[in-house]
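Beneath this line is the structure, given in structure tokens, with notes to follow.
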Number of protein chains: 2
Amino acid sequence: MSESSAVELVIVGSIGLDDVETPKEKRVELLGGSVSYACVAASLFSRTGMVGVVGDDFPERYRSLYTDRGIDTAGLECVAGKTFRWGGVYDADFINRSTLFTDLNVFESFSPKLPDAYQSAPYLMLGNISPELQLSVLDQCQNVSFVVADTMDLWINIALEPLKKVISRVDMLMLNDSEAELLTGHRGVRKAAEAILAMGPRYVVVKRGEHGAMLFSEEGIFIVPAYPVKEVEDPTGAGDSFAGGFLGALVELGTVNESTLRQSLLVGSVVASFNVESFSLDRLVELSREDVSARLQTLTRMMTV
Amino acid sequence: MSESSAVELVIVGSIGLDDVETPKEKRVELLGGSVSYACVAASLFSRTGMVGVVGDDFPERYRSLYTDRGIDTAGLECVAGKTFRWGGVYDADFINRSTLFTDLNVFESFSPKLPDAYQSAPYLMLGNISPELQLSVLDQCQNVSFVVADTMDLWINIALEPLKKVISRVDMLMLNDSEAELLTGHRGVRKAAEAILAMGPRYVVVKRGEHGAMLFSEEGIFIVPAYPVKEVEDPTGAGDSFAGGFLGALVELGTVNESTLRQSLLVGSVVASFNVESFSLDRLVELSREDVSARLQTLTRMMTV
């Protein structure tokens, strides 16, 4: 896709500078945030526009990283102040983590505004931001045909009513298994997912970390396996790169049905598996479509009797 | 298969009376033990013989449960004293559990002896008993062509050297993901499984609880998904019914290769999914081949793009 072509997929969410510590290594001021991971992943396949906010301390090299990937940054707002910052440390298992600090900074007063050119984009991803902000973005999209929302336990705990509104207005909700159980009060992903489907969306994707994900709809269940990587370096952004890779591939396929969703979810799983093999977006930015195709073929063999 | 036909699959392991408490219900003196689950699961598909020990308090109805399923009980030893007893309580997640008591009783001096008729059986499963006992069984099998061993963290911690001998002499090792990491010191199932393959067995199956399992061999990796049940009643015996269902199906297919292993592992996954839907062997004993086929078809659809 050329940089001048129309944006097909809009992704809204957070942009942050992350301090990440794993049992092996510590890195600071890494590019992070749901939009960064999701847009870079999606940009492999589709013309993607980002909506987010950074402060005047946001490094120029990070902005170039977006534009070098052909991402449309018309929706990237830069305001006076500091960029959102997050610090976390992973346990020995490289899965569970503790947050060391969360400095919202300019993100605290973020009010996402869609550039005119984005308002006719057919695909929208509402990354993990407050349900109120997700609703305000939904109100700005007149002609969107497929909307995916991500969420997290924080919003289930402190903003359940607006979150329910979001859920009732989107085509697909994505969330972790524990969050699905928290949201519905049901034990087990299957019952939880069925309860979420009853809240409005046609599709629910339950993410299961290193075990992959599951798609639930009226048409049945699809088990999305995770590609078993040899070595995890940094799991940060796995869920967002999964979502971005999935949506990018779906947009490229051009139709939403059970078959294209299943194909695209496998692409998302493969993209996420590359993402966790390095810190920040290091692996994603150098990823080629050939890398994805080759690993997708391997993953498909791992699922085939 | 008729009851008089030759035993094709021998399963050695524990037989116990279990007290099981879940967040919903408590049941006492249930039939349990690795041999009980594995044999009943395998008996759906193959002529299976059991090797285990019970005390003179072992209820007649439990013995009949074996024979009603066509299981050969020539290797079921009954000695003076009490049957092995175990009690455990499951956490709210129905996954993690605490052991309340373990009374070895007659199991303490168990020395498995294979009846003559079992010594020419081509398939052998060494259920989770001490590696020393597993080795003594291996020494009694002259003509076995495919041996699977299960193990657990206890033996990795207290009997590593004999366990390594077992591993070097079997065709397939089955263990949990955390046990694979403990055994090898490697983080991540893939590296751990590769290290186990280097210890001798041609195949390693890493069990991942409610997420299924993975088969590792020189020929690659197969991801075995778990069938997402609507409601877990009691996860006890899931791993053993998985192993039994797998081996029973494999024996019926009659050849061991990558394709038959993959098919059989899916059968094992389906059988285990039925097992967790009720306490003890309640669901397994009433399970039909048609039930398994129907769910296998559903699971296959859940894995297909």
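By convention in this document, the chains of the structure tokens carry letters A, B, ... by their order, each chain's residues are numbered from 1, and ligands are numbered from 1 in the order they are shown.
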
Env of Ile95 of chain B: 8 Å cut, atoms = only C-alpha atoms, seq-sep filter 5 positions within chain, self excluded. Answer as a list in words.
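Surrounding residues, per the criterion: Tyr90, Gly209 and Pro235 of chain B.
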
Using only C-alpha atoms, which residues of chain A come within 8 Å of chain B, and what is the closest atom pair for each, with the distance in Å to one decimal? Give it as a tab-separated table, sorted by chain and residue number.
residue	atom	partner	partner_atom	distance
A:Asp93	CA	B:Arg187	CA	7.4
A:Arg187	CA	B:Asp93	CA	7.4
A:Gly188	CA	B:Glu231	CA	7.2
A:Val189	CA	B:Pro228	CA	7.9
A:Arg190	CA	B:Lys230	CA	5.9
A:Lys191	CA	B:Lys230	CA	6.1
A:His211	CA	B:His211	CA	6.6
A:Gly220	CA	B:Met302	CA	7.5
A:Ile221	CA	B:Met302	CA	5.5
A:Phe222	CA	B:Met302	CA	4.4
A:Ile223	CA	B:Met302	CA	5.6
A:Val224	CA	B:Met303	CA	7.5
A:Pro225	CA	B:Ile223	CA	7.4
A:Pro228	CA	B:Arg190	CA	6.5
A:Val229	CA	B:Arg190	CA	7.2
A:Lys230	CA	B:Arg190	CA	5.9
A:Glu231	CA	B:Gly188	CA	7.2
A:Ser259	CA	B:Val305	CA	6.1
A:Arg262	CA	B:Val305	CA	5.4
A:Gln263	CA	B:Val305	CA	6.1
A:Arg301	CA	B:Phe222	CA	7.6
A:Met302	CA	B:Phe222	CA	4.4
A:Met303	CA	B:Ile223	CA	5.7
A:Thr304	CA	B:Phe222	CA	7.5
A:Val305	CA	B:Arg262	CA	5.4

Print the selection's residues with N, CA, C and O atoms to a file, as a tab-separated table (two decimals), in the first residue's frame.
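File produced: part_38.tsv:
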chain	number	residue	atom	x	y	z
A	93	ASP	N	8.70	-16.42	35.39
A	93	ASP	CA	8.01	-17.15	34.32
A	93	ASP	C	7.86	-16.33	33.04
A	93	ASP	O	7.37	-16.82	32.04
A	187	ARG	N	-17.34	-18.91	35.55
A	187	ARG	CA	-16.09	-19.64	35.58
A	187	ARG	C	-15.95	-20.42	34.27
A	187	ARG	O	-16.90	-21.05	33.81
A	188	GLY	N	-14.74	-20.34	33.68
A	188	GLY	CA	-14.52	-21.05	32.41
A	188	GLY	C	-14.76	-20.13	31.24
A	188	GLY	O	-15.75	-19.41	31.19
A	189	VAL	N	-13.85	-20.18	30.26
A	189	VAL	CA	-13.93	-19.24	29.14
A	189	VAL	C	-15.18	-19.45	28.30
A	189	VAL	O	-15.73	-18.51	27.77
A	190	ARG	N	-15.63	-20.69	28.21
A	190	ARG	CA	-16.75	-20.95	27.31
A	190	ARG	C	-18.04	-20.29	27.81
A	190	ARG	O	-18.73	-19.59	27.05
A	191	LYS	N	-18.32	-20.48	29.08
A	191	LYS	CA	-19.52	-19.86	29.64
A	191	LYS	C	-19.39	-18.34	29.65
A	191	LYS	O	-20.35	-17.61	29.38
A	211	HIS	N	-0.90	-19.47	25.62
A	211	HIS	CA	-1.69	-20.58	25.11
A	211	HIS	C	-2.52	-20.19	23.89
A	211	HIS	O	-3.29	-21.00	23.40
A	220	GLY	N	-19.80	-20.99	16.12
A	220	GLY	CA	-18.99	-21.97	16.81
A	220	GLY	C	-17.76	-21.39	17.46
A	220	GLY	O	-17.70	-20.18	17.72
A	221	ILE	N	-16.81	-22.26	17.71
A	221	ILE	CA	-15.58	-21.88	18.42
A	221	ILE	C	-14.40	-22.19	17.52
A	221	ILE	O	-14.37	-23.22	16.84
A	222	PHE	N	-13.43	-21.28	17.51
A	222	PHE	CA	-12.16	-21.56	16.84
A	222	PHE	C	-11.05	-21.43	17.87
A	222	PHE	O	-10.96	-20.41	18.56
A	223	ILE	N	-10.22	-22.46	17.97
A	223	ILE	CA	-9.10	-22.44	18.91
A	223	ILE	C	-7.88	-21.93	18.16
A	223	ILE	O	-7.44	-22.54	17.18
A	224	VAL	N	-7.37	-20.78	18.58
A	224	VAL	CA	-6.21	-20.16	17.94
A	224	VAL	C	-4.97	-20.55	18.75
A	224	VAL	O	-4.78	-20.07	19.86
A	225	PRO	N	-4.14	-21.44	18.22
A	225	PRO	CA	-2.96	-21.82	19.01
A	225	PRO	C	-1.90	-20.72	18.97
A	225	PRO	O	-1.85	-19.93	18.04
A	228	PRO	N	4.77	-21.84	19.44
A	228	PRO	CA	5.68	-22.02	20.58
A	228	PRO	C	7.08	-21.47	20.27
A	228	PRO	O	7.85	-22.12	19.59
A	229	VAL	N	7.37	-20.29	20.79
A	229	VAL	CA	8.67	-19.68	20.52
A	229	VAL	C	9.74	-20.38	21.36
A	229	VAL	O	9.44	-20.97	22.40
A	230	LYS	N	10.97	-20.31	20.89
A	230	LYS	CA	12.06	-20.97	21.63
A	230	LYS	C	12.43	-20.16	22.86
A	230	LYS	O	12.78	-20.72	23.89
A	231	GLU	N	12.38	-18.85	22.74
A	231	GLU	CA	12.82	-18.02	23.85
A	231	GLU	C	12.00	-16.73	23.88
A	231	GLU	O	11.99	-15.99	22.90
A	259	SER	N	-14.49	-17.71	8.04
A	259	SER	CA	-13.25	-18.20	7.44
A	259	SER	C	-12.15	-17.13	7.45
A	259	SER	O	-11.01	-17.41	7.81
A	262	ARG	N	-10.89	-16.60	11.01
A	262	ARG	CA	-10.00	-17.66	11.48
A	262	ARG	C	-8.60	-17.50	10.86
A	262	ARG	O	-7.59	-17.58	11.57
A	263	GLN	N	-8.56	-17.26	9.56
A	263	GLN	CA	-7.26	-17.05	8.90
A	263	GLN	C	-6.50	-15.89	9.54
A	263	GLN	O	-5.31	-15.97	9.81
A	301	ARG	N	1.03	-26.52	10.19
A	301	ARG	CA	1.44	-27.94	10.28
A	301	ARG	C	1.30	-28.46	11.71
A	301	ARG	O	0.99	-29.62	11.93
A	302	MET	N	1.53	-27.58	12.68
A	302	MET	CA	1.43	-27.98	14.09
A	302	MET	C	-0.02	-28.22	14.53
A	302	MET	O	-0.27	-28.70	15.63
A	303	MET	N	-0.99	-27.78	13.69
A	303	MET	CA	-2.41	-27.91	14.03
A	303	MET	C	-3.07	-29.00	13.21
A	303	MET	O	-4.27	-29.23	13.33
A	304	THR	N	-2.32	-29.62	12.31
A	304	THR	CA	-2.92	-30.51	11.34
A	304	THR	C	-2.59	-31.96	11.66
A	304	THR	O	-1.44	-32.30	11.88
A	305	VAL	N	-3.61	-32.79	11.68
A	305	VAL	CA	-3.41	-34.21	11.99
A	305	VAL	C	-2.72	-34.90	10.80
A	305	VAL	O	-3.07	-34.66	9.66

Could you tell me which of A:Leu17, A:Ala6, A:Ile71, A:Val148 comes closest to Ala41 of chain A if we count only C-alpha atoms?
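Between A:Leu17, A:Ala6, A:Ile71, A:Val148, the residue approaching Ala41 of chain A most closely is A:Ile71.
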
Set the distance at 10 Å and use only C-alpha atoms: which residues neighbour Tyr66 of chain B once local chain neighbours fewer than 4 positions away are removed? I'd like the list as a PDB file with C-alpha atoms, in the first residue's frame.
ATOM      1  CA  SER B  36      -8.294 -46.707  37.030  1.00  0.00           C
ATOM      2  CA  CYS B  39      -7.603 -48.329  31.864  1.00  0.00           C
ATOM      3  CA  VAL B  40     -11.237 -47.295  31.733  1.00  0.00           C
ATOM      4  CA  SER B  43     -10.854 -49.919  27.297  1.00  0.00           C
ATOM      5  CA  GLY B  49      -4.826 -55.218  31.198  1.00  0.00           C
ATOM      6  CA  MET B  50      -4.183 -53.509  34.507  1.00  0.00           C
ATOM      7  CA  ARG B  61     -18.451 -52.636  42.943  1.00  0.00           C
ATOM      8  CA  TYR B  62     -15.217 -50.923  41.909  1.00  0.00           C
ATOM      9  CA  GLY B  70     -13.788 -55.609  29.615  1.00  0.00           C
ATOM     10  CA  ILE B  71     -10.565 -54.712  31.392  1.00  0.00           C
ATOM     11  CA  ASP B  72      -8.334 -57.684  32.169  1.00  0.00           C
ATOM     12  CA  THR B  73      -7.711 -57.731  35.920  1.00  0.00           C
ATOM     13  CA  VAL B 285     -17.881 -45.562  32.500  1.00  0.00           C
TER      14      VAL B 285
END

Work out how far atom CA of Val267 of chain A is from atom CA of Ala38 of chain A, in Å to one decimal.
12.9 Å

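Rounded to one decimal, atom CA of Thr99 of chain B and atom CA of Ala213 of chain B lie 23.9 Å from each other.
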
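The interatomic distance for the pair atom CA of Phe58 of chain B and atom CA of Val12 of chain B works out to 17.7 Å.
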
Selection near Leu154 of chain A, 10 Å with only C-alpha atoms, sequence-local residues under 3 positions removed, as a ChimeraX atom specification
/A:129-130,151,157-160,179

Using the selection just defined, write its residues with all heavy atoms as a PDB file, in the first residue's frame.
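That gives us again.pdb:
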ATOM      1  N   ILE A 129      -8.269   1.716  26.138  1.00  0.00           N
ATOM      2  CA  ILE A 129      -8.361   3.015  26.828  1.00  0.00           C
ATOM      3  C   ILE A 129      -9.699   3.011  27.559  1.00  0.00           C
ATOM      4  O   ILE A 129     -10.443   2.040  27.474  1.00  0.00           O
ATOM      5  CB  ILE A 129      -8.289   4.214  25.840  1.00  0.00           C
ATOM      6  CG1 ILE A 129      -9.286   4.010  24.680  1.00  0.00           C
ATOM      7  CG2 ILE A 129      -6.874   4.399  25.301  1.00  0.00           C
ATOM      8  CD1 ILE A 129      -9.384   5.182  23.727  1.00  0.00           C
ATOM      9  N   SER A 130     -10.018   4.073  28.270  1.00  0.00           N
ATOM     10  CA  SER A 130     -11.248   4.059  29.063  1.00  0.00           C
ATOM     11  C   SER A 130     -12.475   3.903  28.154  1.00  0.00           C
ATOM     12  O   SER A 130     -12.507   4.417  27.044  1.00  0.00           O
ATOM     13  CB  SER A 130     -11.374   5.343  29.878  1.00  0.00           C
ATOM     14  OG  SER A 130     -11.939   6.360  29.089  1.00  0.00           O
ATOM     15  N   THR A 151     -10.233  -4.417  26.056  1.00  0.00           N
ATOM     16  CA  THR A 151     -10.458  -3.794  27.359  1.00  0.00           C
ATOM     17  C   THR A 151      -9.550  -4.468  28.378  1.00  0.00           C
ATOM     18  O   THR A 151      -8.718  -5.299  28.027  1.00  0.00           O
ATOM     19  CB  THR A 151     -11.942  -3.849  27.784  1.00  0.00           C
ATOM     20  OG1 THR A 151     -12.124  -2.957  28.881  1.00  0.00           O
ATOM     21  CG2 THR A 151     -12.363  -5.263  28.183  1.00  0.00           C
ATOM     22  N   ASN A 157     -13.571  -3.086  36.587  1.00  0.00           N
ATOM     23  CA  ASN A 157     -13.717  -2.742  38.004  1.00  0.00           C
ATOM     24  C   ASN A 157     -14.228  -1.327  38.237  1.00  0.00           C
ATOM     25  O   ASN A 157     -15.004  -1.099  39.163  1.00  0.00           O
ATOM     26  CB  ASN A 157     -12.378  -2.936  38.731  1.00  0.00           C
ATOM     27  CG  ASN A 157     -12.047  -4.407  38.936  1.00  0.00           C
ATOM     28  OD1 ASN A 157     -12.928  -5.217  39.240  1.00  0.00           O
ATOM     29  ND2 ASN A 157     -10.792  -4.768  38.737  1.00  0.00           N
ATOM     30  N   ILE A 158     -13.794  -0.350  37.423  1.00  0.00           N
ATOM     31  CA  ILE A 158     -14.146   1.037  37.749  1.00  0.00           C
ATOM     32  C   ILE A 158     -15.089   1.703  36.750  1.00  0.00           C
ATOM     33  O   ILE A 158     -15.576   2.791  36.997  1.00  0.00           O
ATOM     34  CB  ILE A 158     -12.893   1.942  37.921  1.00  0.00           C
ATOM     35  CG1 ILE A 158     -12.196   2.185  36.569  1.00  0.00           C
ATOM     36  CG2 ILE A 158     -11.915   1.346  38.945  1.00  0.00           C
ATOM     37  CD1 ILE A 158     -11.141   3.274  36.621  1.00  0.00           C
ATOM     38  N   ALA A 159     -15.351   1.069  35.601  1.00  0.00           N
ATOM     39  CA  ALA A 159     -16.200   1.733  34.600  1.00  0.00           C
ATOM     40  C   ALA A 159     -17.077   0.722  33.878  1.00  0.00           C
ATOM     41  O   ALA A 159     -17.173   0.699  32.651  1.00  0.00           O
ATOM     42  CB  ALA A 159     -15.313   2.486  33.599  1.00  0.00           C
ATOM     43  N   LEU A 160     -17.757  -0.106  34.675  1.00  0.00           N
ATOM     44  CA  LEU A 160     -18.506  -1.222  34.098  1.00  0.00           C
ATOM     45  C   LEU A 160     -19.657  -0.764  33.197  1.00  0.00           C
ATOM     46  O   LEU A 160     -19.887  -1.338  32.129  1.00  0.00           O
ATOM     47  CB  LEU A 160     -19.034  -2.122  35.224  1.00  0.00           C
ATOM     48  CG  LEU A 160     -19.729  -3.407  34.778  1.00  0.00           C
ATOM     49  CD1 LEU A 160     -18.803  -4.261  33.925  1.00  0.00           C
ATOM     50  CD2 LEU A 160     -20.227  -4.202  35.993  1.00  0.00           C
ATOM     51  N   GLU A 179     -10.194 -11.781  32.503  1.00  0.00           N
ATOM     52  CA  GLU A 179     -11.075 -10.617  32.384  1.00  0.00           C
ATOM     53  C   GLU A 179     -12.474 -11.035  31.939  1.00  0.00           C
ATOM     54  O   GLU A 179     -13.478 -10.462  32.392  1.00  0.00           O
ATOM     55  CB  GLU A 179     -10.478  -9.612  31.393  1.00  0.00           C
ATOM     56  CG  GLU A 179      -9.188  -8.976  31.919  1.00  0.00           C
ATOM     57  CD  GLU A 179      -8.330  -8.317  30.842  1.00  0.00           C
ATOM     58  OE1 GLU A 179      -8.648  -8.458  29.641  1.00  0.00           O
ATOM     59  OE2 GLU A 179      -7.335  -7.676  31.208  1.00  0.00           O
TER      60      GLU A 179
END

Pick the closest to Gly16 of chain A from A:Val28, A:Ala249, A:Val54, A:Leu44: which is it, counting only C-alpha atoms?
A:Val54

Show which residues sit within 8 Å of Val204 of chain B, as a list of chain:residue names. Count only C-alpha atoms, and ignore same-chain residues fewer than 6 positions away.
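Result of the neighbour search: B:Met172, B:Leu173, B:Met174, B:Ala193, B:Ile196, B:Leu197, B:Leu215, B:Phe216, B:Ser217.
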
Non-local contacts of Leu124 of chain A (7 Å; only C-alpha atoms; under 3 positions in same chain excluded) as a list in words
Leu9, Val10, Ile11, Val144, Phe146, Val147 and Val148 of chain A

Output file for the residues above (N, CA and C atoms, as an mmCIF file, in the first residue's frame):
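Now in again12.cif:
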data_model
loop_
_atom_site.group_PDB
_atom_site.id
_atom_site.type_symbol
_atom_site.label_atom_id
_atom_site.label_comp_id
_atom_site.auth_asym_id
_atom_site.auth_seq_id
_atom_site.Cartn_x
_atom_site.Cartn_y
_atom_site.Cartn_z
ATOM 1 N N LEU A 9 -7.861 1.142 8.113
ATOM 2 C CA LEU A 9 -7.981 0.669 9.491
ATOM 3 C C LEU A 9 -7.495 1.768 10.428
ATOM 4 N N VAL A 10 -8.345 2.140 11.368
ATOM 5 C CA VAL A 10 -7.970 3.146 12.370
ATOM 6 C C VAL A 10 -7.804 2.440 13.716
ATOM 7 N N ILE A 11 -6.703 2.747 14.371
ATOM 8 C CA ILE A 11 -6.463 2.160 15.684
ATOM 9 C C ILE A 11 -6.262 3.267 16.711
ATOM 10 N N VAL A 144 -18.209 3.194 9.712
ATOM 11 C CA VAL A 144 -17.372 2.041 10.021
ATOM 12 C C VAL A 144 -18.205 0.766 9.888
ATOM 13 N N PHE A 146 -16.758 -2.520 10.735
ATOM 14 C CA PHE A 146 -16.330 -3.566 11.671
ATOM 15 C C PHE A 146 -15.481 -2.941 12.768
ATOM 16 N N VAL A 147 -15.973 -3.058 14.004
ATOM 17 C CA VAL A 147 -15.292 -2.447 15.146
ATOM 18 C C VAL A 147 -14.888 -3.522 16.152
ATOM 19 N N VAL A 148 -13.628 -3.480 16.537
ATOM 20 C CA VAL A 148 -13.112 -4.368 17.576
ATOM 21 C C VAL A 148 -12.726 -3.512 18.779
#

Write out as a list in words the residues lying within 7 Å of segment 29-34 of chain A, counting only C-alpha atoms and excluding same-chain residues fewer than 4 positions away.
Gly13, Ser14, Ile15, Gly16, Leu17, Asp18, Asp19, Ala38, Tyr62, Gly127, Asn128, Gly237, Asp240 and Ser280 of chain A

Please identify which residues in segment 42-280 of chain A DSSP calls alpha helix (DSSP H) from the backbone, and express them as an MDAnalysis selection string.
chainID A and resid 42 60:68 131:140 153:158 160:169 177:184 189:197 238:253 258:275
